[in-house]
file upload-v3.cif (mmCIF, C-alpha atoms)
data_coords
#
loop_
_atom_site.group_PDB
_atom_site.id
_atom_site.type_symbol
_atom_site.label_atom_id
_atom_site.label_comp_id
_atom_site.auth_asym_id
_atom_site.auth_seq_id
_atom_site.Cartn_x
_atom_site.Cartn_y
_atom_site.Cartn_z
ATOM 1 C CA GLU A 1 -134.374 67.467 139.201
ATOM 2 C CA ILE A 2 -136.753 64.533 139.541
ATOM 3 C CA ALA A 3 -134.911 62.458 136.956
ATOM 4 C CA ASN A 4 -131.867 62.523 139.183
ATOM 5 C CA GLN A 5 -133.588 61.247 142.325
ATOM 6 C CA VAL A 6 -132.936 57.666 143.353
ATOM 7 C CA ALA A 7 -136.254 56.921 145.014
ATOM 8 C CA THR A 8 -138.229 57.940 141.919
ATOM 9 C CA THR A 9 -139.416 54.839 140.080
ATOM 10 C CA THR A 10 -140.545 56.595 136.877
ATOM 11 C CA GLU A 11 -137.132 56.446 135.204
ATOM 12 C CA LYS A 12 -136.651 54.191 132.207
ATOM 13 C CA LYS A 13 -134.154 52.099 134.157
ATOM 14 C CA GLY A 14 -136.876 51.054 136.602
ATOM 15 C CA THR A 15 -137.072 50.769 140.361
ATOM 16 C CA LEU A 16 -134.690 51.380 143.223
ATOM 17 C CA GLY A 17 -134.067 47.638 143.343
ATOM 18 C CA ASP A 18 -132.979 47.670 139.704
ATOM 19 C CA TRP A 19 -130.700 50.646 140.348
ATOM 20 C CA LEU A 20 -129.018 48.817 143.229
ATOM 21 C CA LYS A 21 -128.654 45.554 141.264
ATOM 22 C CA GLU A 22 -126.790 47.413 138.534
ATOM 23 C CA ARG A 23 -124.263 48.450 141.181
ATOM 24 C CA LYS A 24 -124.028 45.104 142.967
ATOM 25 C CA ASP A 25 -120.605 44.213 141.562
ATOM 26 C CA ALA A 26 -119.149 47.598 142.494
ATOM 27 C CA LEU A 27 -120.484 47.317 146.044
ATOM 28 C CA ASN A 28 -119.352 43.703 146.352
ATOM 29 C CA SER A 29 -115.810 44.606 145.329
ATOM 30 C CA ALA A 30 -115.755 47.330 148.003
ATOM 31 C CA LEU A 31 -116.806 44.994 150.832
ATOM 32 C CA PRO A 32 -113.879 43.570 152.845
ATOM 33 C CA VAL A 33 -113.640 39.784 152.848
ATOM 34 C CA GLY A 34 -115.251 38.145 155.850
ATOM 35 C CA THR A 35 -117.571 41.035 156.707
ATOM 36 C CA VAL A 36 -121.164 41.613 155.603
ATOM 37 C CA ASN A 37 -122.617 39.614 152.687
ATOM 38 C CA VAL A 38 -123.304 41.746 149.589
ATOM 39 C CA ASP A 39 -126.983 40.728 149.389
ATOM 40 C CA ARG A 40 -127.492 41.603 153.051
ATOM 41 C CA PHE A 41 -125.690 44.900 152.493
ATOM 42 C CA MET A 42 -127.896 45.749 149.499
ATOM 43 C CA GLN A 43 -131.006 44.908 151.509
ATOM 44 C CA SER A 44 -129.865 47.237 154.290
ATOM 45 C CA ALA A 45 -129.099 49.912 151.669
ATOM 46 C CA ALA A 46 -132.598 49.695 150.174
ATOM 47 C CA LEU A 47 -134.200 49.941 153.610
ATOM 48 C CA ALA A 48 -131.995 52.923 154.483
ATOM 49 C CA ILE A 49 -132.816 54.825 151.289
ATOM 50 C CA THR A 50 -136.566 54.290 151.741
ATOM 51 C CA ASN A 51 -136.542 54.924 155.503
ATOM 52 C CA PRO A 52 -139.735 56.938 156.209
ATOM 53 C CA LYS A 53 -137.897 58.740 159.016
ATOM 54 C CA MET A 54 -135.454 60.130 156.426
ATOM 55 C CA PRO A 55 -137.752 61.381 153.616
ATOM 56 C CA ASN A 56 -135.137 63.828 152.333
ATOM 57 C CA LEU A 57 -132.923 60.929 151.248
ATOM 58 C CA ARG A 58 -135.299 60.529 148.321
ATOM 59 C CA LEU A 59 -134.336 64.026 147.204
ATOM 60 C CA CYS A 60 -130.606 63.280 147.178
ATOM 61 C CA SER A 61 -128.683 62.721 143.963
ATOM 62 C CA LYS A 62 -127.774 59.221 142.823
ATOM 63 C CA GLU A 63 -124.123 60.196 142.878
ATOM 64 C CA SER A 64 -124.119 61.211 146.534
ATOM 65 C CA ILE A 65 -126.083 58.119 147.591
ATOM 66 C CA PHE A 66 -123.823 55.744 145.656
ATOM 67 C CA ARG A 67 -120.728 57.473 147.057
ATOM 68 C CA SER A 68 -122.091 56.976 150.574
ATOM 69 C CA LEU A 69 -122.984 53.333 149.877
ATOM 70 C CA LYS A 70 -119.460 52.595 148.631
ATOM 71 C CA GLU A 71 -117.977 54.237 151.701
ATOM 72 C CA ALA A 72 -120.169 52.150 154.014
ATOM 73 C CA ALA A 73 -119.279 49.024 152.018
ATOM 74 C CA SER A 74 -115.552 49.769 152.250
ATOM 75 C CA TYR A 75 -115.821 49.431 156.035
ATOM 76 C CA GLY A 76 -118.021 46.327 155.826
ATOM 77 C CA LEU A 77 -120.821 47.912 157.866
ATOM 78 C CA GLU A 78 -124.580 47.482 157.518
ATOM 79 C CA LEU A 79 -126.705 50.582 157.112
ATOM 80 C CA ASN A 80 -129.363 51.678 159.603
ATOM 81 C CA GLY A 81 -131.356 48.763 160.967
ATOM 82 C CA THR A 82 -131.140 47.222 164.410
ATOM 83 C CA LEU A 83 -127.338 46.994 164.419
ATOM 84 C CA GLY A 84 -126.949 50.772 164.371
ATOM 85 C CA GLN A 85 -123.540 50.530 162.704
ATOM 86 C CA ALA A 86 -123.864 53.177 159.989
ATOM 87 C CA TYR A 87 -126.375 55.580 158.507
ATOM 88 C CA LEU A 88 -127.242 57.544 155.378
ATOM 89 C CA ILE A 89 -127.861 61.168 156.369
ATOM 90 C CA PRO A 90 -129.312 63.816 154.004
ATOM 91 C CA TYR A 91 -127.928 67.343 154.290
ATOM 92 C CA ASN A 92 -129.107 70.500 152.587
ATOM 93 C CA GLU A 93 -125.796 71.996 151.527
ATOM 94 C CA LYS A 94 -124.353 74.374 148.980
ATOM 95 C CA VAL A 95 -123.070 72.660 145.834
ATOM 96 C CA ASN A 96 -121.792 74.745 142.900
ATOM 97 C CA GLY A 97 -123.347 77.885 144.350
ATOM 98 C CA LYS A 98 -126.804 76.521 145.171
ATOM 99 C CA TYR A 99 -128.321 74.455 147.948
ATOM 100 C CA GLU A 100 -129.350 70.874 147.306
ATOM 101 C CA MET A 101 -129.925 67.697 149.275
ATOM 102 C CA THR A 102 -126.895 65.433 149.330
ATOM 103 C CA CYS A 103 -126.381 62.097 151.041
ATOM 104 C CA HIS A 104 -123.557 61.524 153.539
ATOM 105 C CA PHE A 105 -122.329 58.320 155.151
ATOM 106 C CA GLN A 106 -122.107 58.538 158.937
ATOM 107 C CA MET A 107 -120.794 55.849 161.246
ATOM 108 C CA GLY A 108 -122.532 55.096 164.543
ATOM 109 C CA TYR A 109 -120.627 54.293 167.713
ATOM 110 C CA LYS A 110 -121.596 50.628 167.265
ATOM 111 C CA GLY A 111 -119.921 50.719 163.858
ATOM 112 C CA LEU A 112 -116.699 52.003 165.411
ATOM 113 C CA ILE A 113 -116.907 49.253 168.041
ATOM 114 C CA ALA A 114 -117.465 46.620 165.322
ATOM 115 C CA LEU A 115 -114.363 47.809 163.461
ATOM 116 C CA ALA A 116 -112.298 47.876 166.656
ATOM 117 C CA ARG A 117 -113.328 44.317 167.494
ATOM 118 C CA ARG A 118 -111.852 43.154 164.190
ATOM 119 C CA SER A 119 -108.428 44.283 165.414
ATOM 120 C CA ASN A 120 -106.442 41.367 166.822
ATOM 121 C CA THR A 121 -105.123 43.689 169.536
ATOM 122 C CA ILE A 122 -108.460 44.160 171.316
ATOM 123 C CA LYS A 123 -109.958 41.644 173.725
ATOM 124 C CA THR A 124 -113.159 43.505 174.637
ATOM 125 C CA ILE A 125 -114.631 46.965 174.155
ATOM 126 C CA ALA A 126 -117.740 48.474 175.703
ATOM 127 C CA ALA A 127 -119.396 51.888 175.820
ATOM 128 C CA GLU A 128 -121.995 52.691 178.468
ATOM 129 C CA PRO A 129 -123.933 55.611 179.954
ATOM 130 C CA VAL A 130 -123.596 56.329 183.672
ATOM 131 C CA HIS A 131 -126.772 57.100 185.654
ATOM 132 C CA GLU A 132 -126.951 59.218 188.775
ATOM 133 C CA ASN A 133 -127.786 56.266 191.055
ATOM 134 C CA ASP A 134 -125.102 53.932 189.662
ATOM 135 C CA ILE A 135 -122.026 53.136 191.714
ATOM 136 C CA PHE A 136 -119.285 54.510 189.490
ATOM 137 C CA GLU A 137 -115.659 54.950 190.513
ATOM 138 C CA VAL A 138 -112.687 56.106 188.453
ATOM 139 C CA GLN A 139 -109.069 56.281 189.523
ATOM 140 C CA LEU A 140 -106.571 58.121 187.349
ATOM 141 C CA GLY A 141 -102.797 58.361 187.612
ATOM 142 C CA MET A 142 -100.894 55.333 188.908
ATOM 143 C CA GLY A 143 -103.023 52.197 189.097
ATOM 144 C CA ARG A 144 -105.697 53.538 186.766
ATOM 145 C CA SER A 145 -109.012 51.742 187.237
ATOM 146 C CA LEU A 146 -112.699 51.984 186.431
ATOM 147 C CA SER A 147 -115.589 50.322 188.273
ATOM 148 C CA HIS A 148 -119.267 50.506 187.316
ATOM 149 C CA LYS A 149 -121.972 48.778 189.344
ATOM 150 C CA ILE A 150 -125.752 49.004 189.222
ATOM 151 C CA ASP A 151 -128.515 47.896 191.580
ATOM 152 C CA ILE A 152 -131.322 46.437 189.483
ATOM 153 C CA MET A 153 -133.693 46.847 192.440
ATOM 154 C CA LYS A 154 -133.413 50.649 192.209
ATOM 155 C CA GLU A 155 -134.250 53.235 189.600
ATOM 156 C CA ARG A 156 -130.993 54.268 187.964
ATOM 157 C CA GLY A 157 -132.009 57.897 187.511
ATOM 158 C CA ALA A 158 -130.924 60.389 184.884
ATOM 159 C CA ILE A 159 -127.808 59.935 182.740
ATOM 160 C CA ILE A 160 -124.897 61.984 184.063
ATOM 161 C CA GLY A 161 -121.963 60.675 182.019
ATOM 162 C CA TYR A 162 -120.530 58.208 179.535
ATOM 163 C CA TYR A 163 -117.469 55.993 179.180
ATOM 164 C CA CYS A 164 -115.718 53.611 176.839
ATOM 165 C CA LEU A 165 -113.517 50.823 178.214
ATOM 166 C CA VAL A 166 -111.096 48.904 175.999
ATOM 167 C CA GLU A 167 -109.308 45.775 177.225
ATOM 168 C CA LEU A 168 -106.264 44.854 175.159
ATOM 169 C CA CYS A 169 -105.004 41.389 174.349
ATOM 170 C CA ASN A 170 -101.649 42.210 175.944
ATOM 171 C CA GLY A 171 -103.364 42.601 179.319
ATOM 172 C CA GLY A 172 -103.490 46.394 179.322
ATOM 173 C CA SER A 173 -106.526 48.634 179.078
ATOM 174 C CA GLN A 174 -107.600 52.120 178.056
ATOM 175 C CA PHE A 175 -110.699 54.076 178.974
ATOM 176 C CA LYS A 176 -112.266 57.466 178.484
ATOM 177 C CA VAL A 177 -114.821 58.969 180.849
ATOM 178 C CA MET A 178 -116.819 62.133 180.169
ATOM 179 C CA SER A 179 -119.572 63.787 182.164
ATOM 180 C CA LYS A 180 -122.650 64.955 180.287
ATOM 181 C CA LYS A 181 -121.326 68.510 180.640
ATOM 182 C CA ASP A 182 -117.949 67.403 179.244
ATOM 183 C CA VAL A 183 -119.708 66.021 176.169
ATOM 184 C CA GLU A 184 -121.760 69.187 175.718
ATOM 185 C CA ASN A 185 -118.609 71.311 175.931
ATOM 186 C CA HIS A 186 -116.840 69.049 173.417
ATOM 187 C CA ARG A 187 -119.826 69.265 171.046
ATOM 188 C CA ASN A 188 -120.030 73.051 171.329
ATOM 189 C CA LYS A 189 -116.299 73.425 170.674
ATOM 190 C CA PHE A 190 -115.758 70.965 167.849
ATOM 191 C CA SER A 191 -119.056 70.167 166.102
ATOM 192 C CA LYS A 192 -119.573 73.092 163.752
ATOM 193 C CA ALA A 193 -122.574 71.343 162.188
ATOM 194 C CA TYR A 194 -124.419 71.441 165.539
ATOM 195 C CA ASP A 195 -127.405 73.777 165.691
ATOM 196 C CA GLU A 196 -129.271 73.917 168.991
ATOM 197 C CA LYS A 197 -132.321 75.408 167.250
ATOM 198 C CA ASP A 198 -132.591 72.573 164.715
ATOM 199 C CA SER A 199 -134.739 69.758 166.117
ATOM 200 C CA ASN A 200 -133.541 67.476 163.301
ATOM 201 C CA ASN A 201 -129.868 67.944 164.178
ATOM 202 C CA ILE A 202 -128.456 64.552 165.157
ATOM 203 C CA TRP A 203 -127.174 65.910 168.491
ATOM 204 C CA ASN A 204 -130.691 67.041 169.376
ATOM 205 C CA LYS A 205 -132.374 63.884 168.086
ATOM 206 C CA ASN A 206 -130.041 61.383 169.753
ATOM 207 C CA PHE A 207 -127.682 63.013 172.223
ATOM 208 C CA ASP A 208 -126.846 59.783 174.074
ATOM 209 C CA ALA A 209 -125.730 57.943 170.926
ATOM 210 C CA MET A 210 -123.551 60.888 169.876
ATOM 211 C CA ALA A 211 -122.116 61.120 173.402
ATOM 212 C CA LEU A 212 -121.209 57.417 173.349
ATOM 213 C CA LYS A 213 -119.644 57.881 169.921
ATOM 214 C CA THR A 214 -117.552 60.735 171.315
ATOM 215 C CA VAL A 215 -116.109 58.651 174.172
ATOM 216 C CA VAL A 216 -115.509 55.692 171.836
ATOM 217 C CA ILE A 217 -113.500 57.925 169.481
ATOM 218 C CA GLN A 218 -111.483 59.399 172.329
ATOM 219 C CA ALA A 219 -110.728 55.958 173.818
ATOM 220 C CA LEU A 220 -109.781 54.287 170.529
ATOM 221 C CA LYS A 221 -107.358 57.103 169.682
ATOM 222 C CA LEU A 222 -105.255 55.792 172.576
ATOM 223 C CA CYS A 223 -105.308 52.142 171.486
ATOM 224 C CA PRO A 224 -103.150 50.006 169.168
ATOM 225 C CA ILE A 225 -105.791 49.080 166.595
ATOM 226 C CA SER A 226 -105.841 48.116 162.926
ATOM 227 C CA ILE A 227 -105.173 50.710 160.234
ATOM 228 C CA GLU A 228 -108.776 50.265 159.045
ATOM 229 C CA ALA A 229 -110.203 50.957 162.507
ATOM 230 C CA MET A 230 -107.925 53.952 163.139
ATOM 231 C CA ASP A 231 -108.823 55.356 159.717
ATOM 232 C CA ALA A 232 -112.500 55.158 160.739
ATOM 233 C CA VAL A 233 -111.791 56.836 164.085
ATOM 234 C CA ILE A 234 -109.942 59.711 162.406
ATOM 235 C CA ARG A 235 -112.644 60.006 159.739
ATOM 236 C CA GLU A 236 -115.463 60.206 162.259
ATOM 237 C CA GLU A 237 -113.658 62.744 164.402
ATOM 238 C CA ARG A 238 -112.987 64.844 161.296
ATOM 239 C CA GLU A 239 -116.587 64.517 160.072
ATOM 240 C CA ASP A 240 -117.926 65.657 163.436
ATOM 241 C CA ILE A 241 -115.703 68.726 163.337
ATOM 242 C CA LYS A 242 -116.313 69.574 159.676
ATOM 243 C CA ASP A 243 -118.788 72.304 158.783
ATOM 244 C CA ILE A 244 -120.678 70.474 156.042
ATOM 245 C CA THR A 245 -122.226 73.666 154.651
ATOM 246 C CA ASP A 246 -118.777 74.625 153.357
ATOM 247 C CA LEU A 247 -118.282 71.488 151.218
#
call {"tool": "encode", "arguments": {"input": "upload-v3.cif", "output": "C-alpha cells"}}
result
Amino acid sequence: EIANQVATTTEKKGTLGDWLKERKDALNSALPVGTVNVDRFMQSAALAITNPKMPNLRLCSKESIFRSLKEAASYGLELNGTLGQAYLIPYNEKVNGKYEMTCHFQMGYKGLIALARRSNTIKTIAAEPVHENDIFEVQLGMGRSLSHKIDIMKERGAIIGYYCLVELCNGGSQFKVMSKKDVENHRNKFSKAYDEKDSNNIWNKNFDAMALKTVVIQALKLCPISIEAMDAVIREEREDIKDITDL
C-alpha cells in the first residue's frame, strides 16, 4: 500500500526528512552515550533509505524500517556509507500469509569490529584476506602464532583465505583462519538464506565482506568482550543462520 511506504512523499505528514525528525527523540534515546551523534545517525539513515542501489527499501513498511533504525541505533552504528558498519536490507518475505517487502538491520564486519574495540579487554583487532602470493604462516597447538607478510613489489594474486586476529589487553591473543573453501562450506551449512541462483543475494554480491564477517564472528566468540559486543556477535551468527522466509 503506497500510503504505508516511507519513501513516498505524498503523505500528509510530508517528506522522509519530516518522518525521521518526528522520530529523532526515540532514536536519540536508543543511541549509547559516547557513540554516534543523533544528527549524524539520522543523516546516515536518510541516505540508507534512499540508496539507489537498494530501491526495494522504498517499498518496505514504515514499521520495519523504524524497527531496523532503532536496532542500529541501539548499537551506536552508522548505516551504510563509507564506514560499512551496518546496513538496511530489504527482503521479500511472507508476513501474515502473503509476501511483502520488509526492512532488516544487518551488521557488517566493520560494525562488529567497532563494537569489539569499545571493549576494554581488546587492544587491537584486524580482519584481512589472504592472497595466494602472500607469505602466510599459521601455527596451532602449543605456541600458537600467525604471521602475514606481503611483497608490495609483486602482484598478490587471488584471495585464498581470510583471518581475524584479536590482541587482548592482558597480553594474550585469539585468531581464526579460514580458507575460501572453509568459508563456502560454512555458508552452505549454516546460511539458509543463501541462494546461489540469486545474483542479489549478499553472499553473491559481496563474498569477501561476508567471509571476513564470518571469521570475525568466529574469533570474537573466543574472546572476553563486553556484553554489548557479545550480544552483537550472537545476533549476527543467528541472523546468518536464520531462514528469513519463515519469519
call {"tool": "residues_around", "arguments": {"input": "upload-v3.cif", "residues": "Gly171 of chain A", "least_positions_apart": "5", "cutoff": "12 Å", "atoms": "only C-alpha atoms", "output": "list in words"}}
result
Thr121, Ile122, Lys123, Thr124 and Val166 of chain A
call {"tool": "write_last_selection", "arguments": {"input": "upload-v3.cif", "atoms": "C-alpha atoms", "output": "mmCIF file, keeping the file's coordinate frame"}}
result
data_model
loop_
_atom_site.group_PDB
_atom_site.id
_atom_site.type_symbol
_atom_site.label_atom_id
_atom_site.label_comp_id
_atom_site.auth_asym_id
_atom_site.auth_seq_id
_atom_site.Cartn_x
_atom_site.Cartn_y
_atom_site.Cartn_z
ATOM 1 C CA THR A 121 -105.123 43.689 169.536
ATOM 2 C CA ILE A 122 -108.460 44.160 171.316
ATOM 3 C CA LYS A 123 -109.958 41.644 173.725
ATOM 4 C CA THR A 124 -113.159 43.505 174.637
ATOM 5 C CA VAL A 166 -111.096 48.904 175.999
#
call {"tool": "residues_near_point", "arguments": {"input": "upload-v3.cif", "point": "(-129.1, 67.4, 148.5)", "cutoff": "9 Å", "atoms": "only C-alpha atoms", "output": "list in words"}}
result
Asn56, Leu57, Leu59, Cys60, Ser61, Ser64, Pro90, Tyr91, Asn92, Glu93, Lys94, Val95, Tyr99, Glu100, Met101, Thr102 and Cys103 of chain A
call {"tool": "resolve_selection", "arguments": {"input": "upload-v3.cif", "expression": "the PyMOL selection byres ((chain A and resi 23) around 12)", "output": "list in words"}}
result
Leu16, Gly17, Asp18, Trp19, Leu20, Lys21, Glu22, Lys24, Asp25, Ala26, Leu27, Asn28, Ser29, Ala30, Val38, Asp39, Phe41, Met42, Ala45, Lys62, Glu63, Ile65, Phe66, Arg67, Leu69, Lys70 and Ala73 of chain A
call {"tool": "resolve_selection", "arguments": {"input": "upload-v3.cif", "expression": "the PyMOL selection byres ((chain A and resi 218) around 10)", "output": "JSON, numbers by chain"}}
result
{"A": [163, 164, 175, 176, 177, 178, 212, 213, 214, 215, 216, 217, 219, 220, 221, 222, 223, 233, 237]}
call {"tool": "residues_around", "arguments": {"input": "upload-v3.cif", "residues": "Gly111 of chain A", "least_positions_apart": "5", "cutoff": "10 Å", "atoms": "all atoms listed in the file", "output": "PyMOL selection string"}}
result
chain A and resi 72+75-79+83-87+106+116-117+213+229+232
call {"tool": "residues_around", "arguments": {"input": "upload-v3.cif", "residues": "Glu132 of chain A", "least_positions_apart": "4", "cutoff": "12 Å", "atoms": "all atoms listed in the file", "output": "PyMOL selection string"}}
result
chain A and resi 136+148-151+154-162+179-180
call {"tool": "atom_distance", "arguments": {"input": "upload-v3.cif", "atom1": "atom CA of Leu47 of chain A", "atom2": "atom CA of Leu88 of chain A"}}
result
10.5 Å
call {"tool": "atom_distance", "arguments": {"input": "upload-v3.cif", "atom1": "atom CA of Ile234 of chain A", "atom2": "atom CA of Asp208 of chain A"}}
result
20.5 Å
call {"tool": "axis_aligned_box", "arguments": {"input": "upload-v3.cif", "around": "segment 181-187 of chain A", "padding_each_side": "6 Å", "output": "lines of an AutoDock Vina configuration file"}}
result
center_x = -119.3
center_y = 68.7
center_z = 175.8
size_x = 16.9
size_y = 17.3
size_z = 21.6
call {"tool": "closest_residue", "arguments": {"input": "upload-v3.cif", "among": "A:Ile49, A:Met142, A:Ile152, A:Val33", "to": "Ile89 of chain A", "atoms": "only C-alpha atoms"}}
result
A:Ile49
call {"tool": "resolve_selection", "arguments": {"input": "upload-v3.cif", "expression": "the PyMOL selection byres ((chain A and resi 201) around 12)", "output": "number ranges by chain"}}
result
A: 89-92, 191-200, 202-207, 210
call {"tool": "atom_distance", "arguments": {"input": "upload-v3.cif", "atom1": "atom CA of Gly141 of chain A", "atom2": "atom CA of Asp182 of chain A"}}
result
19.5 Å
call {"tool": "closest_residue", "arguments": {"input": "upload-v3.cif", "among": "A:Glu71, A:Asn80, A:Gln174, A:Met107", "to": "Ile225 of chain A", "atoms": "all atoms listed in the file"}}
result
A:Gln174
call {"tool": "closest_residue", "arguments": {"input": "upload-v3.cif", "among": "A:Thr15, A:Arg235, A:Asp134, A:Pro32", "to": "Arg118 of chain A", "atoms": "only C-alpha atoms"}}
result
A:Pro32
call {"tool": "closest_residue", "arguments": {"input": "upload-v3.cif", "among": "A:Met153, A:Ala211, A:Thr35, A:Leu165", "to": "Ile113 of chain A", "atoms": "only C-alpha atoms"}}
result
A:Leu165
